[in-house]
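Peer 1: Pasting structure.tsv below, which is TSV, C-alpha atoms.
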```tsv
chain	number	residue	atom	x	y	z
A	1	MET	CA	242.76	145.90	257.61
A	2	LYS	CA	242.74	144.91	254.00
A	3	ARG	CA	245.60	146.21	252.03
A	4	VAL	CA	244.83	147.49	248.56
A	5	PRO	CA	247.45	146.16	246.22
A	6	PRO	CA	249.48	149.02	244.82
A	7	PRO	CA	249.12	149.67	241.09
A	8	PRO	CA	251.74	147.88	239.08
A	9	PHE	CA	253.31	151.03	237.66
A	10	PRO	CA	253.41	154.60	239.00
A	11	GLU	CA	252.16	155.91	235.63
A	12	ILE	CA	248.89	154.05	235.99
A	13	LYS	CA	248.38	155.53	239.47
A	14	LEU	CA	248.85	158.97	238.05
A	15	MET	CA	246.44	158.09	235.24
A	16	THR	CA	243.68	157.01	237.64
A	17	VAL	CA	244.05	160.18	239.67
A	18	TYR	CA	243.87	162.21	236.48
A	19	LEU	CA	240.79	160.43	235.17
A	20	ARG	CA	238.95	160.79	238.46
A	21	GLY	CA	239.65	164.52	238.43
A	22	MET	CA	238.46	164.76	234.85
A	23	ALA	CA	235.19	162.97	235.62
A	24	GLN	CA	234.45	165.33	238.48
A	25	SER	CA	235.20	168.42	236.46
A	26	GLN	CA	233.14	167.10	233.54
A	27	GLY	CA	230.19	166.66	235.83
A	28	TRP	CA	230.63	170.25	236.88
A	29	VAL	CA	230.82	171.38	233.26
A	30	ARG	CA	227.69	169.46	232.39
A	31	ARG	CA	225.75	171.09	235.20
A	32	TYR	CA	226.94	174.51	234.15
A	33	PHE	CA	226.01	173.81	230.54
A	34	ARG	CA	222.53	172.70	231.53
A	35	ALA	CA	221.98	175.80	233.67
A	36	PHE	CA	223.21	177.98	230.82
A	37	CYS	CA	220.82	176.37	228.34
A	38	LYS	CA	217.89	176.76	230.69
A	39	GLY	CA	218.68	180.42	231.25
A	40	PHE	CA	219.26	180.99	227.56
A	41	PHE	CA	215.94	179.54	226.47
A	42	VAL	CA	214.10	181.62	229.02
A	43	ALA	CA	215.90	184.92	228.74
A	44	VAL	CA	216.37	185.21	224.99
A	45	PRO	CA	212.79	184.56	223.81
A	46	VAL	CA	211.37	186.78	226.55
A	47	ALA	CA	213.76	189.59	225.72
A	48	VAL	CA	213.21	189.28	221.99
A	49	THR	CA	209.44	189.22	222.41
A	50	PHE	CA	209.59	192.28	224.65
A	51	LEU	CA	211.68	194.18	222.14
A	52	ASP	CA	209.39	193.18	219.28
A	53	ARG	CA	206.05	193.75	220.95
A	54	VAL	CA	206.39	196.22	223.80
A	55	ALA	CA	209.16	198.74	223.34
A	56	CYS	CA	212.62	199.07	221.98
A	57	VAL	CA	215.26	201.69	221.53
A	58	ALA	CA	216.70	202.92	218.27
A	59	ARG	CA	219.11	205.53	217.08
A	60	VAL	CA	217.90	208.07	214.58
A	61	GLU	CA	220.11	208.81	211.62
A	62	GLY	CA	219.74	211.54	209.09
A	63	ALA	CA	218.40	215.05	209.01
A	64	SER	CA	214.90	214.48	207.73
A	65	MET	CA	213.22	215.19	211.07
A	66	GLN	CA	215.10	218.34	212.03
A	67	PRO	CA	214.57	220.25	214.27
A	68	SER	CA	212.53	217.74	216.28
A	69	LEU	CA	215.11	214.95	216.03
A	70	ASN	CA	218.85	215.18	215.39
A	71	PRO	CA	219.15	218.96	215.47
A	72	GLY	CA	222.89	218.69	215.83
A	73	GLY	CA	223.33	216.97	212.49
A	74	SER	CA	225.85	214.18	212.32
A	75	GLN	CA	227.62	215.03	215.59
A	76	THR	CA	225.13	213.50	217.99
A	77	SER	CA	222.34	211.20	216.91
A	78	ASP	CA	219.27	211.06	219.06
A	79	VAL	CA	218.21	207.77	220.61
A	80	VAL	CA	214.45	207.40	220.78
A	81	LEU	CA	212.12	205.03	222.56
A	82	LEU	CA	209.93	203.15	220.08
A	83	ASN	CA	206.65	202.07	221.61
A	84	HIS	CA	205.25	199.03	219.79
A	85	TRP	CA	202.48	198.54	222.29
A	86	LYS	CA	200.86	201.85	221.43
A	87	ALA	CA	200.86	200.95	217.74
A	88	ARG	CA	199.49	197.45	218.13
A	89	ASN	CA	195.99	198.41	216.88
A	90	PHE	CA	197.32	200.70	214.15
A	91	GLN	CA	195.72	203.74	215.73
A	92	VAL	CA	197.49	206.95	214.85
A	93	GLN	CA	196.62	210.62	215.13
A	94	ARG	CA	197.73	213.47	212.94
A	95	GLY	CA	201.01	214.79	214.28
A	96	ASP	CA	202.27	211.53	215.82
A	97	ILE	CA	205.88	210.66	215.16
A	98	VAL	CA	205.91	207.06	214.00
A	99	SER	CA	208.36	204.57	212.60
A	100	LEU	CA	207.42	202.62	209.47
A	101	VAL	CA	208.78	199.85	207.35
A	102	LEU	CA	210.07	201.53	204.24
A	103	PRO	CA	207.77	200.82	201.26
A	104	TRP	CA	210.76	200.45	199.01
A	105	ASP	CA	214.44	201.01	199.45
A	106	ARG	CA	215.96	203.58	197.15
A	107	SER	CA	219.40	202.10	197.72
A	108	GLN	CA	218.36	198.97	195.87
A	109	PRO	CA	219.29	198.80	192.20
A	110	LYS	CA	216.37	199.82	190.05
A	111	PRO	CA	214.91	196.72	188.41
A	112	PRO	CA	214.44	196.71	184.62
A	113	LEU	CA	211.10	197.87	183.35
A	114	VAL	CA	208.85	194.89	182.75
A	115	ARG	CA	206.12	195.40	180.24
A	116	SER	CA	203.21	193.34	179.03
A	117	PRO	CA	201.85	193.79	175.50
A	118	ARG	CA	198.47	192.52	176.66
A	119	LEU	CA	198.23	195.15	179.45
A	120	LEU	CA	197.88	192.49	182.07
A	121	PRO	CA	199.52	193.03	185.42
A	122	CYS	CA	203.12	191.89	185.18
A	123	PHE	CA	204.43	189.32	187.55
A	124	ALA	CA	207.94	188.27	186.69
A	125	PRO	CA	209.42	186.10	189.40
A	126	LYS	CA	212.96	186.22	188.11
A	127	PRO	CA	215.43	186.44	190.96
A	128	LEU	CA	217.61	189.49	190.38
A	129	PRO	CA	221.04	189.87	191.93
A	130	VAL	CA	220.55	191.82	195.12
A	131	ARG	CA	223.03	193.45	197.39
A	132	SER	CA	223.16	192.02	200.87
A	133	PRO	CA	220.65	193.76	203.11
A	134	ARG	CA	221.94	196.60	205.23
A	135	LEU	CA	222.05	195.70	208.86
A	136	LEU	CA	219.96	197.93	211.05
A	137	PRO	CA	221.73	200.21	213.46
A	138	GLY	CA	220.42	197.84	216.11
A	139	PHE	CA	219.94	198.73	219.70
A	140	TYR	CA	222.77	199.79	221.84
A	141	PHE	CA	223.31	201.50	225.13
A	142	PRO	CA	224.97	204.87	225.17
A	143	PRO	CA	228.70	204.85	225.90
A	144	GLY	CA	229.43	204.82	229.59
A	145	VAL	CA	226.26	202.99	230.53
A	146	ALA	CA	227.15	199.63	229.10
A	147	PRO	CA	230.38	199.11	227.24
A	148	VAL	CA	228.95	196.26	225.20
A	149	TYR	CA	227.42	196.89	221.79
A	150	ILE	CA	224.41	194.60	221.78
A	151	ARG	CA	223.04	193.74	218.40
A	152	ILE	CA	219.85	191.83	218.90
A	153	GLN	CA	219.63	190.23	215.50
A	154	CYS	CA	221.92	187.36	214.72
A	155	PRO	CA	222.03	187.48	210.93
A	156	ILE	CA	222.01	183.72	210.51
A	157	ILE	CA	219.28	182.53	212.82
A	158	LEU	CA	217.15	185.45	213.79
A	159	LYS	CA	216.73	187.26	210.51
A	160	SER	CA	213.20	188.48	210.62
A	161	PRO	CA	211.78	189.22	207.22
A	162	LYS	CA	210.40	192.50	208.44
A	163	ASN	CA	213.34	193.73	210.47
A	164	PRO	CA	216.10	193.63	207.90
A	165	GLU	CA	214.20	196.19	205.96
A	166	GLN	CA	214.87	199.81	206.61
A	167	LYS	CA	212.75	201.66	209.10
A	168	ILE	CA	212.04	205.33	208.78
A	169	ILE	CA	210.82	207.81	211.38
A	170	LYS	CA	208.40	210.42	210.15
A	171	ARG	CA	205.44	212.45	211.31
A	172	VAL	CA	201.87	211.53	210.40
A	173	ILE	CA	200.35	214.41	208.49
A	174	ALA	CA	197.10	213.02	207.14
A	175	LEU	CA	194.84	210.05	207.75
A	176	GLU	CA	192.60	208.16	205.36
A	177	GLY	CA	190.06	210.31	203.57
A	178	ASP	CA	192.01	213.56	203.99
A	179	ILE	CA	192.84	215.68	200.97
A	180	ILE	CA	196.27	217.16	201.33
A	181	ARG	CA	198.41	219.59	199.41
A	182	THR	CA	201.72	217.95	198.65
A	183	ILE	CA	205.26	219.31	198.47
A	184	GLY	CA	207.18	217.93	195.54
A	185	HIS	CA	204.85	215.06	194.76
A	186	LYS	CA	203.86	214.40	191.17
A	187	ASN	CA	200.24	215.33	192.00
A	188	ARG	CA	199.49	218.67	193.56
A	189	TYR	CA	196.63	217.37	195.68
A	190	VAL	CA	196.26	213.84	196.97
A	191	LYS	CA	193.37	212.15	198.67
A	192	VAL	CA	194.71	209.59	201.09
A	193	PRO	CA	193.10	206.23	200.26
A	194	ARG	CA	191.42	203.99	202.77
A	195	GLY	CA	193.82	202.15	205.06
A	196	HIS	CA	196.70	204.51	204.27
A	197	ILE	CA	198.40	207.48	205.91
A	198	TRP	CA	200.51	210.34	204.67
A	199	VAL	CA	203.81	210.86	206.46
A	200	GLU	CA	206.35	213.63	206.12
A	201	GLY	CA	209.63	214.54	207.69
A	202	ASP	CA	209.82	217.88	209.48
A	203	HIS	CA	212.71	218.99	207.31
A	204	HIS	CA	210.93	219.50	204.01
A	205	GLY	CA	213.08	218.97	200.98
A	206	HIS	CA	215.60	216.78	202.82
A	207	SER	CA	213.24	213.98	203.58
A	208	PHE	CA	212.39	210.74	201.81
A	209	ASP	CA	208.73	210.55	202.70
A	210	SER	CA	205.24	210.37	201.23
A	211	ASN	CA	206.08	213.22	198.90
A	212	SER	CA	208.36	210.68	197.21
A	213	PHE	CA	206.57	207.38	197.58
A	214	GLY	CA	202.96	208.41	198.11
A	215	PRO	CA	200.56	207.32	200.82
A	216	VAL	CA	201.77	204.49	203.01
A	217	SER	CA	199.70	201.46	203.96
A	218	LEU	CA	198.81	201.45	207.65
A	219	GLY	CA	199.99	197.85	207.91
A	220	LEU	CA	203.56	199.07	207.56
A	221	LEU	CA	203.29	200.95	210.86
A	222	HIS	CA	206.05	199.77	213.13
A	223	ALA	CA	205.96	201.81	216.35
A	224	HIS	CA	205.29	205.21	217.90
A	225	ALA	CA	208.36	207.24	218.80
A	226	THR	CA	207.41	208.63	222.18
A	227	HIS	CA	210.52	209.86	224.01
A	228	ILE	CA	214.06	210.94	223.32
A	229	LEU	CA	216.38	209.03	225.64
A	230	TRP	CA	219.86	210.23	224.64
A	231	PRO	CA	221.67	212.63	224.91
A	232	PRO	CA	220.55	213.47	228.45
A	233	LYS	CA	220.20	217.15	227.77
A	234	ARG	CA	217.60	216.27	225.16
A	235	TRP	CA	215.45	214.08	227.41
A	236	GLN	CA	211.88	214.91	226.51
A	237	LYS	CA	208.57	213.48	225.56
A	238	LEU	CA	207.92	213.88	221.85
A	239	GLU	CA	204.76	215.90	221.39
A	240	SER	CA	202.30	214.93	218.72
A	241	VAL	CA	201.90	218.29	217.03
A	242	LEU	CA	200.65	218.84	213.51
A	243	PRO	CA	202.25	221.90	211.92
A	244	PRO	CA	199.32	224.23	211.10
A	245	GLU	CA	200.49	224.84	207.54
A	246	ARG	CA	200.35	221.09	206.88
A	247	SER	CA	196.83	220.47	208.09
A	248	PRO	CA	194.60	218.79	205.51
A	249	MET	CA	192.49	220.85	203.18
A	250	GLN	CA	189.54	218.63	203.79
A	251	SER	CA	189.17	215.79	206.18
A	252	GLU	CA	186.56	213.09	206.49
A	253	GLU	CA	185.64	213.58	210.12
B	254	MET	CA	197.78	175.87	251.42
B	255	LEU	CA	197.20	179.28	249.89
B	256	ARG	CA	200.91	179.71	249.38
B	257	GLY	CA	201.02	176.38	247.54
B	258	VAL	CA	198.24	177.41	245.20
B	259	LEU	CA	199.79	180.81	244.66
B	260	GLY	CA	203.16	179.25	243.96
B	261	LYS	CA	201.62	176.90	241.41
B	262	THR	CA	199.76	179.76	239.74
B	263	PHE	CA	202.89	181.83	239.41
B	264	ARG	CA	204.82	178.89	238.05
B	265	LEU	CA	202.11	178.26	235.46
B	266	LEU	CA	202.15	181.91	234.52
B	267	GLY	CA	205.90	181.81	234.18
B	268	TYR	CA	205.77	178.80	231.87
B	269	THR	CA	203.00	180.38	229.81
B	270	ILE	CA	204.99	183.53	229.32
B	271	GLN	CA	208.12	181.60	228.47
B	272	TYR	CA	206.46	179.36	225.88
B	273	GLY	CA	204.45	182.25	224.48
B	274	CYS	CA	207.66	184.13	223.88
B	275	ILE	CA	209.28	181.09	222.26
B	276	ALA	CA	206.23	180.76	219.99
B	277	HIS	CA	206.43	184.42	219.05
B	278	CYS	CA	210.10	184.10	218.14
B	279	THR	CA	209.42	181.00	216.07
B	280	PHE	CA	206.56	182.54	214.13
B	281	GLU	CA	208.38	185.81	213.66
B	282	TYR	CA	211.79	184.55	212.62
B	283	ILE	CA	211.35	181.07	211.23
B	284	GLY	CA	207.83	180.42	210.04
B	285	GLY	CA	204.58	178.99	211.16
B	286	VAL	CA	201.80	176.53	210.68
B	287	VAL	CA	198.64	177.91	209.15
B	288	MET	CA	195.19	176.42	208.84
B	289	CYS	CA	193.54	177.65	205.67
B	290	SER	CA	189.89	178.38	205.11
B	291	GLY	CA	188.01	179.53	202.05
B	292	PRO	CA	187.79	178.54	198.39
B	293	SER	CA	190.03	181.15	196.81
B	294	MET	CA	193.07	178.92	196.35
B	295	GLU	CA	191.36	175.80	194.99
B	296	PRO	CA	192.49	173.38	193.68
B	297	THR	CA	195.96	173.97	195.13
B	298	ILE	CA	194.77	174.48	198.71
B	299	GLN	CA	191.35	173.31	199.84
B	300	ASN	CA	189.31	174.47	202.78
B	301	SER	CA	190.79	173.48	206.20
B	302	ASP	CA	194.16	172.40	204.86
B	303	ILE	CA	197.15	172.88	207.12
B	304	VAL	CA	200.30	174.31	205.60
B	305	PHE	CA	203.78	175.42	206.59
B	306	ALA	CA	204.65	179.03	205.95
B	307	GLU	CA	208.19	180.31	205.83
B	308	ASN	CA	209.18	183.91	206.18
B	309	LEU	CA	210.17	185.54	202.94
B	310	SER	CA	213.74	186.26	202.11
B	311	ARG	CA	214.73	189.56	200.73
B	312	HIS	CA	215.77	188.46	197.27
B	313	PHE	CA	212.13	188.48	196.28
B	314	TYR	CA	212.12	192.21	196.73
B	315	GLY	CA	213.41	193.86	193.63
B	316	ILE	CA	211.21	192.57	190.85
B	317	GLN	CA	208.73	195.33	190.35
B	318	SER	CA	208.90	198.11	187.87
B	319	ASP	CA	207.85	201.68	187.82
B	320	PHE	CA	204.27	202.67	188.00
B	321	PHE	CA	203.19	203.96	184.63
B	322	LYS	CA	199.54	203.74	183.81
B	323	SER	CA	196.91	202.38	186.11
B	324	HIS	CA	197.49	198.67	186.51
B	325	SER	CA	199.70	197.99	183.49
B	326	TYR	CA	202.69	197.89	185.77
B	327	VAL	CA	203.10	196.82	189.33
B	328	PRO	CA	204.55	199.74	191.33
B	329	ARG	CA	207.97	199.56	192.93
B	330	GLY	CA	208.08	197.71	196.21
B	331	HIS	CA	204.71	196.07	195.60
B	332	VAL	CA	203.48	192.64	194.58
B	333	TRP	CA	200.46	191.49	192.68
B	334	LEU	CA	198.62	188.68	194.43
B	335	GLU	CA	196.01	186.41	192.98
B	336	GLY	CA	194.20	183.36	194.22
B	337	ASP	CA	194.32	180.20	192.13
B	338	ASN	CA	190.53	180.02	192.03
B	339	LEU	CA	190.09	183.12	189.90
B	340	GLN	CA	186.32	183.07	189.85
B	341	ASN	CA	186.05	183.05	193.61
B	342	SER	CA	188.97	185.04	194.96
B	343	THR	CA	189.23	188.55	196.40
B	344	ASP	CA	192.74	189.56	195.53
B	345	SER	CA	194.80	192.26	193.87
B	346	ARG	CA	192.30	192.52	191.04
B	347	TYR	CA	189.99	193.98	193.66
B	348	TYR	CA	192.27	195.85	196.07
B	349	GLY	CA	195.31	196.58	193.92
B	350	PRO	CA	198.98	195.81	194.40
B	351	ILE	CA	200.20	195.14	197.93
B	352	PRO	CA	203.35	196.60	199.51
B	353	TYR	CA	205.95	193.95	200.03
B	354	GLY	CA	206.27	194.79	203.71
B	355	LEU	CA	202.75	193.55	204.37
B	356	ILE	CA	203.49	190.02	203.26
B	357	ARG	CA	203.77	187.78	206.29
B	358	GLY	CA	205.21	184.68	204.72
B	359	ARG	CA	205.23	182.23	201.89
B	360	ILE	CA	203.44	178.93	202.06
B	361	PHE	CA	205.67	176.21	200.74
B	362	PHE	CA	204.44	172.88	202.07
B	363	LYS	CA	201.06	171.36	202.71
B	364	VAL	CA	200.88	169.13	205.77
B	365	TRP	CA	197.21	168.13	205.92
B	366	PRO	CA	195.33	166.22	204.51
B	367	LEU	CA	197.92	163.49	204.37
B	368	SER	CA	196.64	162.22	201.05
B	369	ASP	CA	197.62	165.49	199.42
B	370	CYS	CA	200.67	166.55	201.40
B	371	GLY	CA	203.83	167.79	199.76
B	372	PHE	CA	205.28	170.86	198.14
B	373	LEU	CA	202.75	173.09	196.47
B	374	ARG	CA	202.22	172.90	192.74
B	375	SER	CA	202.87	175.92	190.56
B	376	SER	CA	200.02	178.21	189.67
B	377	PRO	CA	197.46	176.89	187.20
B	378	ASN	CA	197.06	180.46	185.94
B	379	GLY	CA	200.73	181.18	185.32
B	380	HIS	CA	200.29	181.21	181.57
B	381	ARG	CA	198.35	184.48	181.79
B	382	PHE	CA	201.40	186.57	182.52
B	383	SER	CA	204.21	187.47	180.22
B	384	ASP	CA	207.32	189.53	180.62
B	385	ASP	CA	208.42	190.27	177.11
```
I need this file expressed as structure tokens, please.
Peer 2:
Amino acid sequence: MKRVPPPPFPEIKLMTVYLRGMAQSQGWVRRYFRAFCKGFFVAVPVAVTFLDRVACVARVEGASMQPSLNPGGSQTSDVVLLNHWKARNFQVQRGDIVSLVLPWDRSQPKPPLVRSPRLLPCFAPKPLPVRSPRLLPGFYFPPGVAPVYIRIQCPIILKSPKNPEQKIIKRVIALEGDIIRTIGHKNRYVKVPRGHIWVEGDHHGHSFDSNSFGPVSLGLLHAHATHILWPPKRWQKLESVLPPERSPMQSEE
Amino acid sequence: MLRGVLGKTFRLLGYTIQYGCIAHCTFEYIGGVVMCSGPSMEPTIQNSDIVFAENLSRHFYGIQSDFFKSHSYVPRGHVWLEGDNLQNSTDSRYYGPIPYGLIRGRIFFKVWPLSDCGFLRSSPNGHRFSDD
């Protein structure tokens, strides 16, 4: 039997044992890292695509849709299911509750009035100082179901140009071609132009809606709000009901 | 034999879904590659050029002013778009100002044809507008 010569010093023996252990554990770490990356690149894009294209969940804030949504005021906010799939062809009916990208954000500082003496359309690409965009409420599971607050958007990498803007939930009151009597708009009667819709909150007077910013382009349609998911005692399917006093005076149908 | 084919089909489907989702995330959150057609942006972009588009950042947002008379001012939250080839372009002069939320991205780099690739030149019609 061949005898292996002992290492010259006991410290070197300890060192070889240590290095062998390290190599084995590093191999284990590398395998784990590879598995993690594979899972990450499968799960995250699929989940993000699902939440962008099929359905997602959002919490409703504010009182503009009382009594349909948030009847309890600030104590409990409703969580609704937003169905992107239903809105993929931009088909809406009068009375649907939809979410939209806000045409403009009233919390932004008002830009200075830009005027052209030649009455040409003004296009002044001067970058103005802007406050950092408000993060969306995001999606999160009700307390007790999952203790983790999951915010889908990472502000550095995944900032979608559409998503950082505010979304609003309102009811569709009129479609293109309808003539509608407004509440608090600068014109008493408005004909909704082609490719636009007129949305209003159910709580008239406490709602930032088409009575403030006019008809909304259909391209800003984000999703249909179809169900209330939380709190459990308010589980229901949201009905698409047009209040009879808000029906259009004349419609093109 | 059937199980082999079925297994392969499912695996292909799985890969398609995975890469489709990765493509969606890339186009939605980072930017995309666009092939252009039409004469409305000549001479800056010719027909069948390929360009990179990046998604717009929010600082572009607050430049519009209040709506006053028809088309002397661009309404709040809207942009005025025009093609470089003014004689042959259907743009905001036809359909009016566009809400900012409808803009999908900003084209910043031309990739093809290689003889003309690079960052895009500024508008040849920029002298028409004034902000005094």
Peer 1: When you look at Thr343 of chain B with a cut-off of 10 Å (counting all atoms listed in the file), what residues show up, excluding the ones that are within fewer than 5 positions of it in the same chain? I need them as a compact mmCIF listing (two decimals) with C-alpha atoms, in the coordinates of the input.
Peer 2:
```txt
# COMPACT_ATOMS: atom_id res chain seq x y z
CA SER B 293 190.03 181.15 196.81
CA LEU B 334 198.62 188.68 194.43
CA GLU B 335 196.01 186.41 192.98
CA GLY B 336 194.20 183.36 194.22
CA ASN B 338 190.53 180.02 192.03
CA TYR B 348 192.27 195.85 196.07
```
Peer 1: So, counting only C-alpha atoms, which residue among B:Leu367, B:Ile275, B:Val258, B:Met288 is closest to chain A?
Peer 2: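 With only C-alpha atoms as the atom set, the closest residue is B:Ile275.
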Peer 1: Mind giving me the straight-line distance from atom CA of Lys170 of chain A to atom CA of Asn308 of chain B in Å, one decimal?
Peer 2: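 Separating atom CA of Lys170 of chain A from atom CA of Asn308 of chain B is a distance of 26.8 Å.
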Peer 1: For Trp230 of chain A, which residue out of A:Arg94, A:Arg59, A:Arg34, A:Arg188 is the nearest one, using all atoms listed in the file?
Peer 2: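 With all atoms listed in the file as the atom set, the closest residue is A:Arg59.
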Peer 1: Dump as a list in words all residues having an atom at most 12 Å from (196.7, 187.9, 196.0), computed in the file's coordinates with all atoms listed in the file.
Peer 2: Phe123 of chain A; Ser293, Met294, His331, Val332, Trp333, Leu334, Glu335, Gly336, Asp337, Asn338, Leu339, Asn341, Ser342, Thr343, Asp344, Ser345, Arg346, Tyr347, Tyr348, Gly349, Pro350, Ile351, Pro352, Tyr353, Leu355, Ile356 and Arg359 of chain B
